Amino acid sequence: VSFDLIYRYLLHLGFKVRYVRNITDAGHLEGDRDEGDDKFSKKARLEQLDMVDWPGVARTKLAILRRLFDGFPGNVGSSVSEAFTRFREEGGSLLENHARFGALHAWRLAEGFQTGGWRDWPEAFQNPDSPEVAAFAQEHATEVTFHAFLQWLADRGLARAQAAAREAGMGIGLIADLAVGTDPGGSPAWSRQGEILAKLSPGAPPDLYNAQGQAWGLTAFSPSALRRTGYRAYIEMLRACLRHAGGIRIDHALGLKRMWLVPEGAAPTDGAYVNYPFDDIMRLIALESWRHRAIVVGENLGTVPEGFNEQISRAGMLGMNVLWFERQHHGDNAPIKAPRDWPAEAMAMTTTHDLPTIAGWWTGTDLQWRGRLGLFGDGDSLGAQMETRARDREQLVRSLAAAGIDVSQDTDPDAPPPIAETFRFVGATPCPLAVVPLEDVLGDPEAPNLPGTTDTHPNWRRRMATTIDTLLDDQDVSRRLDALSQSRQPS
């Protein structure tokens, strides 16, 4: 959330802006002179917090963006202004509805209604096609334009990022993420009310990593509505994701075939599976992948339907091979597969955002969190899990050694975790792609997310230990990335 980066980004997009040091509590930009000590300015306070304050960051970024919009289009050249006009015209009703939603939501917040979304709005505004919504949009045309302006900035930034990646020699560049669902009180649910499942949340049944199951508080497409509308909304979503990307990762790809749906207010264990038109959806994904010359990766982790992995492989969709799950057989402390035995029809990974990092797995940090929050199943305990993890550490070291990777260390949890060695192991698989998260690159023991939690674990709020400008300066970081790079070289 570095505001220095925002400043540089805006200059790159063509805005004529000067560097600003402070943002007042009223949400307006001040000039170069601060009223108080600069280190106590709002920007400085946000950047010095141990955890990211997303509401505070959002308010501060919006203040910057509103100031830019106040000067728009006078603060850009004519070609940039014309690009915005074209973007808005091409966006059509989808963009217009989203911009209207943003203006309505901001209006409700300004009126003091701290609600969860459009379902709490006055009835006249709950229908995007109502005369009242049209009248509001006309009366607040500038505010509606502002929210279209925000989408244009995001789109322009993604385009520049992808172009920079490809120009730097990346064969794929950005891989966009297609979420499993959307906020039931948000813009897509408001615009597509006849095509979503009301008061049903996607989730997951109980499994090894979450004995209590999961309900994600989202909403998803109705399978019958998808068929009825010719998959219109799904196609629009795919094209939006692939617009400035060389690939797409489909979150919880198991939901393409069947989705665990939990009624609003019910426990995750009270959900049920609902089948989706899998063959039709897979054909559409393949078609858009071909049109955009993009790869597709499906998150095939969890309770996998029989034959699912074979089906996505035949369609050309890569699955996800995660180190912790690639075992020679089922059961406790099963040996990890040798790199040559990993399925080649998938992307190789050390871990995911929902699983422990290498350092956290090695020390048992993930187990300590689950024990602290009571996330173990009946009859399980932290002590038993830590004993199992100790045996797993021995299996990992033996697997590294069997693959010819020198790992001269003991398996004590206080010993340095073999991160570079594990990178080399995963990189040596026949998988066409090998991916490691930034947390593993930095040796962070804390995972960014702990499924099944909301405010009891700081999900998506942790800061990196270093800035983007110095990220690659650390010798351990360089050693780990070199190990991965060398293992990916053809022999």
# chains A, B, ... in the order shown; residues from 1 in each chain; ligands from 1

call {"tool": "residues_around", "arguments": {"residues": "Ser485 (chain A)", "least_positions_apart": "5", "cutoff": "9 Å", "atoms": "only C-alpha atoms", "output": "compact mmCIF listing (two decimals) with all heavy atoms, in the first residue's frame"}}
result
# COMPACT_ATOMS: atom_id res chain seq x y z
N PHE A 423 12.72 -25.44 -2.98
CA PHE A 423 12.52 -24.80 -4.29
C PHE A 423 13.16 -25.64 -5.39
O PHE A 423 12.57 -25.84 -6.46
CB PHE A 423 13.16 -23.41 -4.30
CG PHE A 423 12.33 -22.33 -3.65
CD1 PHE A 423 11.27 -22.63 -2.82
CD2 PHE A 423 12.62 -21.00 -3.87
CE1 PHE A 423 10.51 -21.63 -2.22
CE2 PHE A 423 11.88 -19.99 -3.28
CZ PHE A 423 10.82 -20.30 -2.46
N ARG A 424 14.35 -26.12 -5.13
CA ARG A 424 15.06 -26.93 -6.13
C ARG A 424 14.28 -28.22 -6.40
O ARG A 424 14.18 -28.68 -7.55
CB ARG A 424 16.47 -27.24 -5.62
CG ARG A 424 17.39 -27.83 -6.68
CD ARG A 424 18.78 -28.10 -6.10
NE ARG A 424 19.41 -26.88 -5.63
CZ ARG A 424 20.05 -26.01 -6.42
NH1 ARG A 424 20.13 -26.24 -7.72
NH2 ARG A 424 20.59 -24.93 -5.92
N GLY A 427 11.08 -27.38 -8.35
CA GLY A 427 11.45 -26.95 -9.70
C GLY A 427 11.89 -28.08 -10.59
O GLY A 427 11.84 -27.96 -11.83
N ARG A 480 17.52 -18.54 -2.84
CA ARG A 480 16.31 -19.34 -3.06
C ARG A 480 15.85 -19.23 -4.51
O ARG A 480 15.49 -20.24 -5.14
CB ARG A 480 15.21 -18.88 -2.11
CG ARG A 480 15.50 -19.20 -0.65
CD ARG A 480 14.63 -18.39 0.30
NE ARG A 480 15.07 -18.55 1.69
CZ ARG A 480 14.83 -17.68 2.65
NH1 ARG A 480 14.13 -16.57 2.39
NH2 ARG A 480 15.27 -17.90 3.88

call {"tool": "residues_around", "arguments": {"residues": "Pro437 (chain A)", "least_positions_apart": "5", "cutoff": "8 Å", "atoms": "only C-alpha atoms", "output": "CSV table (one decimal) with all heavy atoms, in the first residue's frame"}}
result
chain,number,residue,atom,x,y,z
A,350,THR,N,5.0,-24.9,-4.1
A,350,THR,CA,5.5,-25.3,-2.7
A,350,THR,C,4.2,-25.2,-1.8
A,350,THR,O,4.1,-26.1,-0.9
A,350,THR,CB,6.5,-24.3,-2.2
A,350,THR,OG1,6.0,-22.9,-2.4
A,350,THR,CG2,7.8,-24.4,-3.0
A,351,THR,N,3.4,-24.3,-2.0
A,351,THR,CA,2.2,-24.1,-1.1
A,351,THR,C,1.2,-23.2,-1.8
A,351,THR,O,1.4,-22.7,-2.9
A,351,THR,CB,2.6,-23.6,0.3
A,351,THR,OG1,1.5,-23.7,1.2
A,351,THR,CG2,3.1,-22.2,0.2
A,352,THR,N,0.1,-22.9,-1.1
A,352,THR,CA,-0.9,-21.9,-1.6
A,352,THR,C,-1.2,-20.9,-0.5
A,352,THR,O,-0.7,-21.1,0.7
A,352,THR,CB,-2.2,-22.6,-2.0
A,352,THR,OG1,-3.0,-22.9,-0.8
A,352,THR,CG2,-2.0,-23.8,-2.8
A,353,HIS,N,-2.0,-19.9,-0.8
A,353,HIS,CA,-2.3,-18.9,0.2
A,353,HIS,C,-3.1,-19.5,1.4
A,353,HIS,O,-3.2,-18.9,2.4
A,353,HIS,CB,-3.0,-17.7,-0.4
A,353,HIS,CG,-4.3,-18.1,-1.1
A,353,HIS,ND1,-4.4,-18.5,-2.4
A,353,HIS,CD2,-5.6,-18.2,-0.6
A,353,HIS,CE1,-5.6,-18.8,-2.7
A,353,HIS,NE2,-6.4,-18.6,-1.6

call {"tool": "residues_around", "arguments": {"residues": "region 145-162 of chain A", "least_positions_apart": "5", "cutoff": "9 Å", "atoms": "only C-alpha atoms", "output": "VMD selection string"}}
result
chain A and resid 9 to 10 12 to 13 65 to 66 69 83 to 84 87 to 88 95 to 96 98 to 103 140 167 172 to 174 243 to 246

call {"tool": "residues_around", "arguments": {"residues": "Leu256 (chain A)", "least_positions_apart": "3", "cutoff": "8 Å", "atoms": "only C-alpha atoms", "output": "PyMOL selection string"}}
result
chain A and resi 253+259+276-278+281-282

call {"tool": "residues_around", "arguments": {"residues": "His252 (chain A)", "least_positions_apart": "4", "cutoff": "8 Å", "atoms": "only C-alpha atoms", "output": "list in words"}}
result
Ala179, Val180, Gly298, Glu299, Asn300 and Leu301 of chain A

call {"tool": "write_last_selection", "arguments": {"atoms": "all heavy atoms", "output": "PDB file, in the first residue's frame"}}
result
ATOM      1  N   ALA A 179     -12.330 -15.470  -9.058  1.00  0.00           N
ATOM      2  CA  ALA A 179     -12.833 -15.851  -7.742  1.00  0.00           C
ATOM      3  C   ALA A 179     -14.004 -16.822  -7.852  1.00  0.00           C
ATOM      4  O   ALA A 179     -14.713 -16.863  -8.853  1.00  0.00           O
ATOM      5  CB  ALA A 179     -13.263 -14.610  -6.958  1.00  0.00           C
ATOM      6  N   VAL A 180     -14.209 -17.578  -6.772  1.00  0.00           N
ATOM      7  CA  VAL A 180     -15.265 -18.586  -6.769  1.00  0.00           C
ATOM      8  C   VAL A 180     -16.653 -17.943  -6.659  1.00  0.00           C
ATOM      9  O   VAL A 180     -17.660 -18.534  -7.041  1.00  0.00           O
ATOM     10  CB  VAL A 180     -15.054 -19.593  -5.618  1.00  0.00           C
ATOM     11  CG1 VAL A 180     -15.167 -18.917  -4.263  1.00  0.00           C
ATOM     12  CG2 VAL A 180     -16.019 -20.758  -5.721  1.00  0.00           C
ATOM     13  N   GLY A 298      -6.538 -24.591 -12.851  1.00  0.00           N
ATOM     14  CA  GLY A 298      -7.677 -24.799 -11.965  1.00  0.00           C
ATOM     15  C   GLY A 298      -7.226 -25.235 -10.588  1.00  0.00           C
ATOM     16  O   GLY A 298      -6.416 -26.150 -10.455  1.00  0.00           O
ATOM     17  N   GLU A 299      -7.735 -24.566  -9.553  1.00  0.00           N
ATOM     18  CA  GLU A 299      -7.416 -24.966  -8.182  1.00  0.00           C
ATOM     19  C   GLU A 299      -8.227 -26.223  -7.847  1.00  0.00           C
ATOM     20  O   GLU A 299      -9.384 -26.155  -7.448  1.00  0.00           O
ATOM     21  CB  GLU A 299      -7.738 -23.850  -7.190  1.00  0.00           C
ATOM     22  CG  GLU A 299      -7.249 -24.181  -5.785  1.00  0.00           C
ATOM     23  CD  GLU A 299      -7.932 -23.368  -4.700  1.00  0.00           C
ATOM     24  OE1 GLU A 299      -9.066 -22.904  -4.928  1.00  0.00           O
ATOM     25  OE2 GLU A 299      -7.349 -23.218  -3.624  1.00  0.00           O
ATOM     26  N   ASN A 300      -7.599 -27.369  -8.015  1.00  0.00           N
ATOM     27  CA  ASN A 300      -8.283 -28.652  -7.839  1.00  0.00           C
ATOM     28  C   ASN A 300      -7.926 -29.266  -6.490  1.00  0.00           C
ATOM     29  O   ASN A 300      -7.585 -30.447  -6.400  1.00  0.00           O
ATOM     30  CB  ASN A 300      -7.924 -29.610  -8.982  1.00  0.00           C
ATOM     31  CG  ASN A 300      -6.419 -29.827  -9.099  1.00  0.00           C
ATOM     32  OD1 ASN A 300      -5.617 -29.000  -8.683  1.00  0.00           O
ATOM     33  ND2 ASN A 300      -6.018 -30.956  -9.671  1.00  0.00           N
ATOM     34  N   LEU A 301      -8.024 -28.476  -5.436  1.00  0.00           N
ATOM     35  CA  LEU A 301      -7.670 -28.926  -4.090  1.00  0.00           C
ATOM     36  C   LEU A 301      -8.921 -29.032  -3.234  1.00  0.00           C
ATOM     37  O   LEU A 301      -9.805 -28.185  -3.309  1.00  0.00           O
ATOM     38  CB  LEU A 301      -6.679 -27.949  -3.444  1.00  0.00           C
ATOM     39  CG  LEU A 301      -5.427 -27.622  -4.270  1.00  0.00           C
ATOM     40  CD1 LEU A 301      -4.588 -26.578  -3.557  1.00  0.00           C
ATOM     41  CD2 LEU A 301      -4.623 -28.889  -4.536  1.00  0.00           C
TER      42      LEU A 301
END

call {"tool": "residues_around", "arguments": {"residues": "region 110-126 of chain A", "least_positions_apart": "5", "cutoff": "7 Å", "atoms": "only C-alpha atoms", "output": "list in words"}}
result
Glu132, Val133, Gly185, Gly186 and Trp190 of chain A

call {"tool": "write_last_selection", "arguments": {"atoms": "all heavy atoms", "output": "compact mmCIF listing (two decimals), in the first residue's frame"}}
result
# COMPACT_ATOMS: atom_id res chain seq x y z
N GLU A 132 -36.14 5.06 -10.62
CA GLU A 132 -35.49 5.79 -9.54
C GLU A 132 -33.97 5.73 -9.68
O GLU A 132 -33.26 6.71 -9.42
CB GLU A 132 -35.93 5.24 -8.19
CG GLU A 132 -37.36 5.55 -7.81
CD GLU A 132 -38.36 4.58 -8.44
OE1 GLU A 132 -37.94 3.67 -9.19
OE2 GLU A 132 -39.56 4.74 -8.17
N VAL A 133 -33.45 4.57 -10.08
CA VAL A 133 -32.01 4.44 -10.29
C VAL A 133 -31.57 5.31 -11.46
O VAL A 133 -30.53 6.00 -11.40
CB VAL A 133 -31.62 2.96 -10.52
CG1 VAL A 133 -30.17 2.86 -11.00
CG2 VAL A 133 -31.78 2.16 -9.23
N GLY A 185 -23.79 -8.57 -1.40
CA GLY A 185 -24.27 -7.20 -1.33
C GLY A 185 -23.59 -6.27 -2.30
O GLY A 185 -23.79 -5.05 -2.25
N GLY A 186 -22.78 -6.82 -3.21
CA GLY A 186 -21.98 -6.01 -4.10
C GLY A 186 -22.58 -5.79 -5.48
O GLY A 186 -23.70 -6.21 -5.79
N TRP A 190 -26.03 -7.22 -7.54
CA TRP A 190 -27.10 -6.24 -7.80
C TRP A 190 -27.48 -6.23 -9.28
O TRP A 190 -28.65 -6.20 -9.64
CB TRP A 190 -26.61 -4.87 -7.35
CG TRP A 190 -27.57 -3.73 -7.53
CD1 TRP A 190 -28.74 -3.52 -6.85
CD2 TRP A 190 -27.41 -2.60 -8.41
NE1 TRP A 190 -29.33 -2.34 -7.27
CE2 TRP A 190 -28.52 -1.76 -8.23
CE3 TRP A 190 -26.44 -2.23 -9.34
CZ2 TRP A 190 -28.70 -0.56 -8.93
CZ3 TRP A 190 -26.60 -1.05 -10.04
CH2 TRP A 190 -27.70 -0.22 -9.83

call {"tool": "atom_distance", "arguments": {"atom1": "CA of Met320 (chain A)", "atom2": "CA of Val407 (chain A)"}}
result
25.6 Å

call {"tool": "closest_atom_pairs", "arguments": {"of": "region 182-220 of chain A", "to": "region 374-391 of chain A", "cutoff": "8 Å", "atoms": "only C-alpha atoms", "output": "Markdown table"}}
result
| residue | atom | partner | partner_atom | distance |
| --- | --- | --- | --- | --- |
| A:Asn210 | CA | A:Leu375 | CA | 6.7 |
| A:Ala211 | CA | A:Gly377 | CA | 5.0 |
| A:Gln212 | CA | A:Leu375 | CA | 7.1 |

call {"tool": "select_by_dssp", "arguments": {"residues": "region 202-397 of chain A", "states": "helix (DSSP H, G or I)", "output": "ChimeraX atom specification"}}
result
/A:223-228,232-242,253-256,268-270,278-292,308-315,323-325,339-341,358-363,365-372,382-397

call {"tool": "atom_distance", "arguments": {"atom1": "CA of Ser191 (chain A)", "atom2": "CA of Gly91 (chain A)"}}
result
14.0 Å

call {"tool": "closest_atom_pairs", "arguments": {"of": "region 311-384 of chain A", "to": "region 448-456 of chain A", "cutoff": "10 Å", "atoms": "only C-alpha atoms", "output": "Markdown table"}}
result
| residue | atom | partner | partner_atom | distance |
| --- | --- | --- | --- | --- |
| A:Thr352 | CA | A:Pro448 | CA | 9.4 |
| A:His353 | CA | A:Asn449 | CA | 5.9 |
| A:Asp354 | CA | A:Asn449 | CA | 5.4 |
| A:Leu355 | CA | A:Leu450 | CA | 7.4 |
| A:Pro356 | CA | A:Leu450 | CA | 8.7 |
| A:Thr357 | CA | A:Pro448 | CA | 9.0 |
| A:Asp366 | CA | A:Leu450 | CA | 8.4 |
| A:Trp369 | CA | A:Leu450 | CA | 8.6 |
| A:Arg370 | CA | A:Leu450 | CA | 8.6 |
| A:Arg372 | CA | A:Thr456 | CA | 9.9 |
| A:Leu373 | CA | A:Thr456 | CA | 7.5 |
| A:Leu375 | CA | A:Gly452 | CA | 8.3 |

call {"tool": "write_last_selection", "arguments": {"atoms": "N, CA and C atoms", "output": "compact mmCIF listing (two decimals), in the first residue's frame"}}
result
# COMPACT_ATOMS: atom_id res chain seq x y z
N THR A 352 0.08 -22.91 -1.12
CA THR A 352 -0.89 -21.92 -1.59
C THR A 352 -1.17 -20.94 -0.47
N HIS A 353 -1.96 -19.93 -0.78
CA HIS A 353 -2.28 -18.91 0.23
C HIS A 353 -3.11 -19.48 1.38
N ASP A 354 -3.75 -20.62 1.17
CA ASP A 354 -4.59 -21.22 2.21
C ASP A 354 -3.85 -22.27 3.04
N LEU A 355 -2.58 -22.51 2.72
CA LEU A 355 -1.80 -23.56 3.38
C LEU A 355 -0.55 -22.95 4.01
N PRO A 356 0.11 -23.70 4.91
CA PRO A 356 1.29 -23.14 5.56
C PRO A 356 2.44 -22.87 4.59
N THR A 357 3.21 -21.85 4.90
CA THR A 357 4.44 -21.60 4.17
C THR A 357 5.45 -22.69 4.53
N ASP A 366 1.50 -23.07 11.70
CA ASP A 366 0.11 -23.27 11.28
C ASP A 366 -0.66 -24.12 12.28
N TRP A 369 -1.58 -22.04 15.37
CA TRP A 369 -2.74 -21.20 15.11
C TRP A 369 -4.04 -22.01 15.19
N ARG A 370 -4.04 -23.17 14.57
CA ARG A 370 -5.26 -23.99 14.56
C ARG A 370 -5.60 -24.48 15.96
N ARG A 372 -4.80 -22.88 18.77
CA ARG A 372 -5.22 -21.70 19.52
C ARG A 372 -6.67 -21.33 19.23
N LEU A 373 -7.11 -21.55 17.98
CA LEU A 373 -8.45 -21.15 17.58
C LEU A 373 -9.45 -22.29 17.60
N LEU A 375 -9.52 -25.23 15.91
CA LEU A 375 -9.89 -25.68 14.57
C LEU A 375 -9.62 -27.16 14.32

call {"tool": "atom_distance", "arguments": {"atom1": "CA of Gly360 (chain A)", "atom2": "CA of Glu446 (chain A)"}}
result
5.9 Å

call {"tool": "closest_residue", "arguments": {"among": "A:Ala420, A:Ala403, A:Leu287, A:Ala189", "to": "Val436 (chain A)", "atoms": "only C-alpha atoms"}}
result
A:Ala420

call {"tool": "residues_around", "arguments": {"residues": "Val477 (chain A)", "least_positions_apart": "5", "cutoff": "9 Å", "atoms": "only C-alpha atoms", "output": "number ranges by chain"}}
result
A: 420, 441-443, 471-472, 482

call {"tool": "write_last_selection", "arguments": {"atoms": "N, CA, C and O atoms", "output": "compact mmCIF listing (two decimals), in the first residue's frame"}}
result
# COMPACT_ATOMS: atom_id res chain seq x y z
N ALA A 420 15.45 -23.09 0.13
CA ALA A 420 16.10 -23.16 -1.18
C ALA A 420 16.11 -24.59 -1.70
O ALA A 420 15.88 -24.84 -2.90
N VAL A 441 9.50 -17.09 -0.64
CA VAL A 441 10.72 -16.42 -1.10
C VAL A 441 11.38 -15.67 0.06
O VAL A 441 12.60 -15.68 0.22
N LEU A 442 10.57 -15.03 0.90
CA LEU A 442 11.08 -14.24 2.02
C LEU A 442 11.32 -15.07 3.28
O LEU A 442 11.85 -14.56 4.26
N GLY A 443 10.90 -16.34 3.28
CA GLY A 443 11.09 -17.17 4.46
C GLY A 443 10.16 -16.82 5.60
O GLY A 443 10.49 -17.00 6.78
N LEU A 471 13.39 -5.84 -2.06
CA LEU A 471 12.92 -7.22 -1.92
C LEU A 471 13.97 -8.25 -2.32
O LEU A 471 14.12 -9.28 -1.66
N LEU A 472 14.69 -8.00 -3.39
CA LEU A 472 15.62 -8.99 -3.91
C LEU A 472 17.06 -8.77 -3.45
O LEU A 472 17.97 -9.45 -3.94
N ASP A 482 17.64 -18.39 -7.10
CA ASP A 482 18.64 -19.04 -7.97
C ASP A 482 18.42 -20.56 -8.00
O ASP A 482 18.53 -21.19 -9.06

call {"tool": "select_by_dssp", "arguments": {"residues": "region 297-481 of chain A", "states": "strand (DSSP E)", "output": "list in words"}}
result
Val297, Gly298, Gly319, Met320, Asn321, Val322, Ala346, Met347, Ala348, Met349, Leu433, Ala434 and Val435 of chain A

call {"tool": "write_last_selection", "arguments": {"atoms": "N, CA, C and O atoms", "output": "compact mmCIF listing (two decimals), in the first residue's frame"}}
result
# COMPACT_ATOMS: atom_id res chain seq x y z
N VAL A 297 -5.31 -22.42 -15.27
CA VAL A 297 -4.96 -23.25 -14.12
C VAL A 297 -6.19 -23.37 -13.24
O VAL A 297 -6.83 -22.36 -12.92
N GLY A 298 -6.54 -24.59 -12.85
CA GLY A 298 -7.68 -24.80 -11.97
C GLY A 298 -7.23 -25.23 -10.59
O GLY A 298 -6.42 -26.15 -10.46
N GLY A 319 -3.89 -28.55 -13.48
CA GLY A 319 -4.26 -28.62 -12.08
C GLY A 319 -3.16 -27.99 -11.23
O GLY A 319 -2.29 -27.27 -11.73
N MET A 320 -3.18 -28.27 -9.92
CA MET A 320 -2.19 -27.72 -9.01
C MET A 320 -1.59 -28.84 -8.18
O MET A 320 -2.30 -29.50 -7.41
N ASN A 321 -0.29 -29.08 -8.36
CA ASN A 321 0.45 -30.04 -7.55
C ASN A 321 1.11 -29.30 -6.40
O ASN A 321 2.03 -28.51 -6.62
N VAL A 322 0.64 -29.52 -5.19
CA VAL A 322 1.19 -28.84 -4.02
C VAL A 322 2.06 -29.81 -3.23
O VAL A 322 1.66 -30.95 -2.97
N ALA A 346 -0.01 -30.38 -14.53
CA ALA A 346 -0.37 -29.46 -13.46
C ALA A 346 0.77 -28.48 -13.23
O ALA A 346 1.87 -28.62 -13.76
N MET A 347 0.49 -27.48 -12.42
CA MET A 347 1.48 -26.50 -12.00
C MET A 347 2.06 -26.95 -10.66
O MET A 347 1.32 -27.30 -9.74
N ALA A 348 3.39 -26.96 -10.56
CA ALA A 348 4.04 -27.37 -9.32
C ALA A 348 4.13 -26.19 -8.36
O ALA A 348 4.48 -25.08 -8.77
N MET A 349 3.83 -26.43 -7.08
CA MET A 349 3.81 -25.35 -6.10
C MET A 349 4.37 -25.83 -4.78
O MET A 349 4.18 -26.99 -4.40
N LEU A 433 4.89 -25.50 -15.35
CA LEU A 433 5.06 -24.28 -14.56
C LEU A 433 5.40 -24.66 -13.13
O LEU A 433 4.88 -25.65 -12.60
N ALA A 434 6.27 -23.86 -12.50
CA ALA A 434 6.57 -24.01 -11.09
C ALA A 434 6.40 -22.64 -10.44
O ALA A 434 6.93 -21.64 -10.93
N VAL A 435 5.63 -22.60 -9.36
CA VAL A 435 5.28 -21.32 -8.72
C VAL A 435 5.59 -21.38 -7.23
O VAL A 435 5.30 -22.39 -6.58
